[in-house]
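For reference, coords_29.csv is printed below; it contains CSV, C-alpha atoms.
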chain,number,residue,atom,x,y,z
A,1493,LYS,CA,-34.9,0.7,-81.2
A,1494,ILE,CA,-32.0,3.0,-80.7
A,1495,ARG,CA,-28.6,1.8,-81.7
A,1496,THR,CA,-25.5,3.0,-80.0
A,1497,SER,CA,-21.9,2.4,-80.5
A,1498,ALA,CA,-19.0,2.2,-78.1
A,1499,ARG,CA,-17.0,5.3,-77.4
A,1500,MET,CA,-13.8,5.7,-79.4
A,1501,PHE,CA,-12.2,7.7,-76.5
A,1502,PRO,CA,-13.0,8.3,-72.9
A,1503,GLN,CA,-15.4,11.1,-72.2
A,1504,ARG,CA,-13.8,14.6,-71.7
A,1505,SER,CA,-10.5,13.4,-73.2
A,1506,ARG,CA,-10.6,14.4,-76.8
A,1507,PHE,CA,-12.2,17.3,-78.8
A,1508,HIS,CA,-14.2,16.7,-81.9
A,1509,TYR,CA,-16.2,19.5,-83.6
A,1510,ALA,CA,-19.6,18.4,-84.9
A,1511,GLY,CA,-22.1,20.8,-86.3
A,1512,ALA,CA,-24.9,18.4,-85.3
A,1513,GLU,CA,-24.2,19.1,-81.7
A,1514,THR,CA,-24.7,22.8,-82.3
A,1515,GLU,CA,-28.0,22.0,-84.1
A,1516,VAL,CA,-29.2,20.0,-81.0
A,1517,LEU,CA,-28.1,22.9,-78.7
A,1518,GLY,CA,-30.3,25.2,-80.8
A,1519,LEU,CA,-33.3,22.9,-80.5
A,1520,VAL,CA,-32.8,22.7,-76.7
A,1521,VAL,CA,-32.4,26.4,-76.3
A,1522,SER,CA,-35.5,27.2,-78.4
A,1523,ALA,CA,-37.6,24.7,-76.5
A,1524,ALA,CA,-36.3,25.9,-73.1
A,1525,VAL,CA,-37.1,29.6,-73.8
A,1526,GLY,CA,-40.3,28.9,-75.8
A,1527,VAL,CA,-39.5,31.1,-78.8
A,1528,PRO,CA,-37.5,30.6,-82.0
A,1529,LEU,CA,-33.8,31.2,-81.7
A,1530,SER,CA,-34.0,34.3,-84.0
A,1531,ARG,CA,-36.5,35.9,-81.7
A,1532,TYR,CA,-34.4,35.1,-78.7
A,1533,LEU,CA,-31.3,36.5,-80.3
A,1534,GLU,CA,-33.2,39.6,-81.3
A,1535,THR,CA,-34.6,40.4,-77.9
A,1536,ARG,CA,-31.6,39.3,-75.8
A,1537,ILE,CA,-28.6,40.5,-77.9
A,1538,TRP,CA,-29.5,42.2,-81.2
A,1539,GLN,CA,-31.8,45.0,-79.9
A,1540,PRO,CA,-29.8,45.6,-76.6
A,1541,MET,CA,-26.6,46.1,-78.5
A,1542,GLY,CA,-28.3,48.6,-80.9
A,1543,ALA,CA,-28.1,46.7,-84.1
A,1544,GLU,CA,-28.9,48.9,-87.1
A,1545,ALA,CA,-30.4,46.2,-89.2
A,1546,ASP,CA,-32.3,42.9,-88.9
A,1547,ALA,CA,-30.2,39.8,-89.2
A,1548,THR,CA,-31.3,36.9,-91.3
A,1549,TRP,CA,-31.1,33.2,-90.4
A,1550,THR,CA,-31.6,30.3,-92.7
A,1551,THR,CA,-34.4,28.0,-91.6
A,1552,ASP,CA,-35.5,24.5,-92.4
A,1553,SER,CA,-38.9,23.5,-93.9
A,1554,ARG,CA,-40.4,23.7,-90.4
A,1555,GLY,CA,-39.1,27.2,-89.7
A,1556,GLN,CA,-36.4,26.0,-87.3
A,1557,GLU,CA,-33.2,28.0,-87.5
A,1558,THR,CA,-30.1,26.1,-88.6
A,1559,ALA,CA,-28.2,26.7,-85.4
A,1560,TYR,CA,-24.9,25.5,-86.7
A,1561,CYS,CA,-24.7,28.1,-89.4
A,1562,CYS,CA,-26.2,30.6,-91.7
A,1563,LEU,CA,-26.8,33.8,-89.7
A,1564,GLY,CA,-26.3,36.9,-91.8
A,1565,ALA,CA,-25.9,40.5,-90.8
A,1566,VAL,CA,-24.5,43.8,-92.0
A,1567,LEU,CA,-20.8,44.4,-91.3
A,1568,ARG,CA,-21.4,47.2,-88.8
A,1569,ASP,CA,-23.6,44.9,-86.7
A,1570,TRP,CA,-21.0,42.2,-86.7
A,1571,ALA,CA,-18.5,44.8,-85.5
A,1572,ARG,CA,-21.0,45.9,-82.7
A,1573,LEU,CA,-21.2,42.2,-81.7
A,1574,GLY,CA,-17.4,41.9,-81.6
A,1575,LEU,CA,-17.1,45.1,-79.6
A,1576,MET,CA,-19.7,44.0,-77.1
A,1577,LEU,CA,-17.8,40.7,-76.7
A,1578,ALA,CA,-14.5,42.6,-76.4
A,1579,HIS,CA,-16.1,44.5,-73.5
A,1580,ASP,CA,-17.0,41.2,-71.8
A,1581,GLY,CA,-20.6,41.4,-72.7
A,1582,ALA,CA,-21.2,45.1,-72.0
A,1583,TRP,CA,-22.5,47.6,-74.5
A,1584,ASN,CA,-23.0,51.3,-73.8
A,1585,GLY,CA,-23.0,50.8,-70.0
A,1586,ARG,CA,-25.5,47.9,-70.1
A,1587,GLN,CA,-24.5,44.2,-69.5
A,1588,VAL,CA,-26.1,42.4,-72.4
A,1589,VAL,CA,-24.4,39.0,-71.9
A,1590,PRO,CA,-23.5,38.1,-68.3
A,1591,ARG,CA,-19.9,38.8,-67.8
A,1592,GLN,CA,-19.0,35.6,-65.9
A,1593,TRP,CA,-20.7,33.5,-68.5
A,1594,LEU,CA,-18.7,35.2,-71.3
A,1595,LEU,CA,-15.5,34.7,-69.3
A,1596,ASP,CA,-16.3,31.0,-68.9
A,1597,ALA,CA,-17.2,30.7,-72.6
A,1598,THR,CA,-13.9,32.1,-73.7
A,1599,THR,CA,-11.5,30.5,-71.3
A,1600,VAL,CA,-10.1,27.0,-71.6
A,1601,ALA,CA,-12.3,24.8,-69.4
A,1602,ALA,CA,-10.3,21.5,-69.7
A,1603,PRO,CA,-6.9,20.5,-70.9
A,1604,TYR,CA,-8.3,18.7,-74.0
A,1605,LEU,CA,-10.0,22.0,-75.1
A,1606,ALA,CA,-6.8,24.0,-75.0
A,1607,PRO,CA,-5.3,25.7,-78.2
A,1608,GLY,CA,-2.9,23.2,-79.8
A,1609,VAL,CA,-4.7,20.3,-78.1
A,1610,ALA,CA,-8.3,20.6,-79.3
A,1611,THR,CA,-7.0,21.4,-82.8
A,1612,ARG,CA,-3.5,22.2,-84.2
A,1613,GLY,CA,-4.0,25.9,-83.8
A,1614,SER,CA,-7.1,26.6,-81.7
A,1615,GLY,CA,-8.9,25.6,-78.6
A,1616,TYR,CA,-12.7,25.5,-78.0
A,1617,GLY,CA,-15.0,27.2,-75.5
A,1618,TYR,CA,-18.7,27.5,-75.5
A,1619,GLN,CA,-19.3,27.7,-79.3
A,1620,VAL,CA,-16.2,29.9,-79.8
A,1621,TRP,CA,-12.7,29.1,-80.9
A,1622,LEU,CA,-10.0,30.0,-78.4
A,1623,LEU,CA,-6.8,31.4,-79.8
A,1624,SER,CA,-3.3,30.6,-78.5
A,1625,GLY,CA,-1.3,33.2,-76.8
A,1626,PRO,CA,-0.4,34.8,-73.5
A,1627,ARG,CA,-3.9,36.3,-72.9
A,1628,ARG,CA,-7.5,35.5,-73.7
A,1629,GLN,CA,-8.4,35.8,-77.4
A,1630,PHE,CA,-11.1,34.1,-79.2
A,1631,SER,CA,-13.0,34.0,-82.5
A,1632,LEU,CA,-16.3,33.2,-84.0
A,1633,LEU,CA,-15.9,31.4,-87.4
A,1634,GLY,CA,-18.3,31.1,-90.2
A,1635,VAL,CA,-18.5,28.1,-92.4
A,1636,HIS,CA,-17.2,29.8,-95.6
A,1637,GLY,CA,-14.5,32.2,-94.2
A,1638,GLN,CA,-16.5,34.7,-92.2
A,1639,ALA,CA,-14.8,35.5,-88.8
A,1640,ILE,CA,-14.8,37.8,-85.8
A,1641,PHE,CA,-11.6,37.9,-83.8
A,1642,VAL,CA,-11.6,39.4,-80.3
A,1643,ASP,CA,-8.9,40.5,-77.9
A,1644,PRO,CA,-10.8,41.7,-74.7
A,1645,ALA,CA,-7.6,43.0,-73.0
A,1646,MET,CA,-7.0,45.5,-75.9
A,1647,GLN,CA,-10.7,45.7,-76.8
A,1648,LEU,CA,-9.5,44.9,-80.3
A,1649,VAL,CA,-11.9,43.4,-82.9
A,1650,LEU,CA,-11.3,42.2,-86.5
A,1651,VAL,CA,-14.4,41.4,-88.6
A,1652,HIS,CA,-13.7,39.5,-91.8
A,1653,THR,CA,-16.3,38.9,-94.4
A,1654,ALA,CA,-15.8,36.2,-97.1
A,1655,VAL,CA,-17.6,33.9,-99.4
A,1656,ARG,CA,-15.2,31.0,-99.9
A,1657,THR,CA,-16.3,28.1,-102.1
A,1658,LYS,CA,-15.0,25.4,-99.7
A,1659,PRO,CA,-16.2,25.4,-96.1
A,1660,SER,CA,-12.7,24.6,-94.8
A,1661,GLY,CA,-9.2,24.0,-95.8
A,1662,ASP,CA,-8.8,27.2,-97.8
A,1663,PRO,CA,-5.2,28.5,-97.8
A,1664,ALA,CA,-6.6,32.0,-97.1
A,1665,THR,CA,-7.5,31.0,-93.6
A,1666,ALA,CA,-3.8,30.9,-92.6
A,1667,GLU,CA,-3.4,34.4,-94.1
A,1668,LEU,CA,-6.4,35.6,-92.0
A,1669,TYR,CA,-4.8,34.2,-88.8
A,1670,ALA,CA,-1.5,35.8,-89.7
A,1671,LEU,CA,-3.2,39.2,-90.3
A,1672,TRP,CA,-4.8,38.9,-86.8
A,1673,ARG,CA,-1.5,38.1,-85.1
A,1674,ALA,CA,0.2,41.0,-86.9
A,1675,LEU,CA,-2.5,43.4,-85.9
A,1676,VAL,CA,-2.3,42.3,-82.3
A,1677,ALA,CA,1.5,42.6,-82.3
A,1678,ARG,CA,1.3,46.0,-83.9
A,1679,VAL,CA,-1.2,47.3,-81.2
A,1680,VAL,CA,0.9,45.7,-78.4
A,1681,ALA,CA,4.0,47.4,-79.7
A,1682,GLN,CA,2.4,50.9,-79.6
Go ahead and express the file in the form of structure tokens.
Amino acid sequence: KIRTSARMFPQRSRFHYAGAETEVLGLVVSAAVGVPLSRYLETRIWQPMGAEADATWTTDSRGQETAYCCLGAVLRDWARLGLMLAHDGAWNGRQVVPRQWLLDATTVAAPYLAPGVATRGSGYGYQVWLLSGPRRQFSLLGVHGQAIFVDPAMQLVLVHTAVRTKPSGDPATAELYALWRALVARVVAQ
């Protein structure tokens, strides 16, 4: 018997981040493509973008990747990923991620997903955080302070590595966002 509960809010009216949803998405993608997520990532993104090292992905006792977290790579490969995203999915003249999909993934799809509405400071796209401002900017955020910030219009990328003890609520997060805003302002002013 499956138990359900009543919705707290109408569908598509309020954003709530839940890592379990990303975990389910990982299971669905893996089943749909018939290979583990790590292999899919390797053949579809990692190799085509010319990654210099293998990435690591934490798995559960059955070998299933933890889709909501725990993907590790060397700094230069994170930078390659950020630059590929800054070029709307293209790398060295090859379209690695479909451009339209990436545009859709990094653009506000509904009012409740907009920056300042979804959360106090960010919006949400397809597994990416949307930043407020006059043009499209987004970030990929790790659970303990890792981040990739991307501004496609300027093809600007900031990769931040960290190992914070708390998964969220660290005061250094505000400093990281301030650093990104200052970097963007500096490049715009040039």
**Message:** I'd like the contact shell of Phe1630 of chain A - 9 Å cut-off, only C-alpha atoms, skipping same-chain residues fewer than 3 positions apart - returned as number ranges by chain.
**Reply:** A: 1598-1599, 1614-1617, 1620-1624, 1640-1644
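Using only C-alpha atoms, the residues found no farther than 8 Å from His1652 of chain A, other than those of its own chain fewer than 5 positions away, are A:Gly1637, A:Gln1638, A:Ala1639, A:Ile1640.
We find atom CA of Val1655 of chain A and atom CA of Gly1634 of chain A to be spaced 9.6 Å apart.
Proximity ranking of A:Phe1501, A:Ser1660, A:Thr1551, A:Gln1647 relative to Tyr1604 of chain A places A:Phe1501 first, based on all atoms listed in the file.
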Contacts of Ala1582 of chain A within 12 Å, all atoms listed in the file, excl. fewer than 6 positions in-chain, as a PDB file with C-alpha atoms, in the coordinates of the input:
ATOM      1  CA  ILE A1537     -28.600  40.500 -77.900  1.00  0.00           C
ATOM      2  CA  PRO A1540     -29.800  45.600 -76.600  1.00  0.00           C
ATOM      3  CA  MET A1541     -26.600  46.100 -78.500  1.00  0.00           C
ATOM      4  CA  GLY A1542     -28.300  48.600 -80.900  1.00  0.00           C
ATOM      5  CA  ARG A1572     -21.000  45.900 -82.700  1.00  0.00           C
ATOM      6  CA  LEU A1573     -21.200  42.200 -81.700  1.00  0.00           C
ATOM      7  CA  GLY A1574     -17.400  41.900 -81.600  1.00  0.00           C
ATOM      8  CA  LEU A1575     -17.100  45.100 -79.600  1.00  0.00           C
ATOM      9  CA  MET A1576     -19.700  44.000 -77.100  1.00  0.00           C
ATOM     10  CA  VAL A1588     -26.100  42.400 -72.400  1.00  0.00           C
ATOM     11  CA  VAL A1589     -24.400  39.000 -71.900  1.00  0.00           C
ATOM     12  CA  PRO A1590     -23.500  38.100 -68.300  1.00  0.00           C
ATOM     13  CA  ARG A1591     -19.900  38.800 -67.800  1.00  0.00           C
ATOM     14  CA  GLN A1592     -19.000  35.600 -65.900  1.00  0.00           C
ATOM     15  CA  LEU A1594     -18.700  35.200 -71.300  1.00  0.00           C
ATOM     16  CA  PRO A1644     -10.800  41.700 -74.700  1.00  0.00           C
ATOM     17  CA  GLN A1647     -10.700  45.700 -76.800  1.00  0.00           C
TER      18      GLN A1647
END
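Residues in contact with Asp1552 of chain A at 12 Å, where only C-alpha atoms are counted and same-chain residues fewer than 3 positions away are skipped, are listed as Glu1515, Trp1549, Gly1555, Gln1556, Glu1557, Thr1558, Ala1559, Cys1561 and Cys1562 of chain A.
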**Complete:** Leu1671 of chain A proximity check over A:Trp1583, A:Thr1611, A:Val1651, A:Arg1506, using only C-alpha atoms: winner is A:Val1651
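Interatomic distance, atom CA of Leu1563 of chain A against atom CA of Arg1504 of chain A: 29.4 Å.
Taking atom CA of Glu1667 of chain A and atom CA of His1636 of chain A as the two end points, the separation is 14.6 Å.
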Edge lengths and centre in Å, axis-aligned, segment 1639-1651 of chain A plus 4 Å each side, as AutoDock Vina command-line options:
--center_x -10.9 --center_y 40.6 --center_z -80.9 --size_x 15.8 --size_y 18.2 --size_z 23.8
**Message:** Please determine, counting all atoms listed in the file, which residue among A:Val1520, A:Val1609, A:Ala1666, A:Leu1648 has the shortest atom-to-atom distance to Asp1580 of chain A.
**Reply:** A:Leu1648
**Item:** Shortest interatomic distance to Gly1613 of chain A - which of A:Gly1625, A:Gln1539, A:Thr1550, A:Gly1564, counting only C-alpha atoms
**Value:** A:Gly1625
Need a file for segment 1657-1680 of chain A from that block: C-alpha atoms, written as a PDB file, in the first residue's frame.
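Result written to selection_27.pdb:
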ATOM      1  CA  THR A1657      32.234  21.096   7.175  1.00  0.00           C
ATOM      2  CA  LYS A1658      28.583  22.113   6.837  1.00  0.00           C
ATOM      3  CA  PRO A1659      26.672  21.373   3.630  1.00  0.00           C
ATOM      4  CA  SER A1660      24.916  24.754   3.716  1.00  0.00           C
ATOM      5  CA  GLY A1661      24.631  27.936   5.720  1.00  0.00           C
ATOM      6  CA  ASP A1662      28.353  28.712   5.698  1.00  0.00           C
ATOM      7  CA  PRO A1663      29.068  32.492   5.826  1.00  0.00           C
ATOM      8  CA  ALA A1664      31.773  31.996   3.181  1.00  0.00           C
ATOM      9  CA  THR A1665      29.023  31.341   0.634  1.00  0.00           C
ATOM     10  CA  ALA A1666      28.069  35.033   0.673  1.00  0.00           C
ATOM     11  CA  GLU A1667      31.723  35.913   0.108  1.00  0.00           C
ATOM     12  CA  LEU A1668      31.877  33.609  -2.909  1.00  0.00           C
ATOM     13  CA  TYR A1669      28.810  35.247  -4.472  1.00  0.00           C
ATOM     14  CA  ALA A1670      30.311  38.689  -3.765  1.00  0.00           C
ATOM     15  CA  LEU A1671      33.543  37.594  -5.455  1.00  0.00           C
ATOM     16  CA  TRP A1672      31.583  36.464  -8.537  1.00  0.00           C
ATOM     17  CA  ARG A1673      29.605  39.728  -8.716  1.00  0.00           C
ATOM     18  CA  ALA A1674      32.811  41.773  -8.354  1.00  0.00           C
ATOM     19  CA  LEU A1675      34.543  39.724 -11.055  1.00  0.00           C
ATOM     20  CA  VAL A1676      31.627  40.191 -13.445  1.00  0.00           C
ATOM     21  CA  ALA A1677      31.493  43.935 -12.702  1.00  0.00           C
ATOM     22  CA  ARG A1678      35.234  44.241 -13.291  1.00  0.00           C
ATOM     23  CA  VAL A1679      35.059  42.484 -16.663  1.00  0.00           C
ATOM     24  CA  VAL A1680      31.979  44.505 -17.721  1.00  0.00           C
TER      25      VAL A1680
END
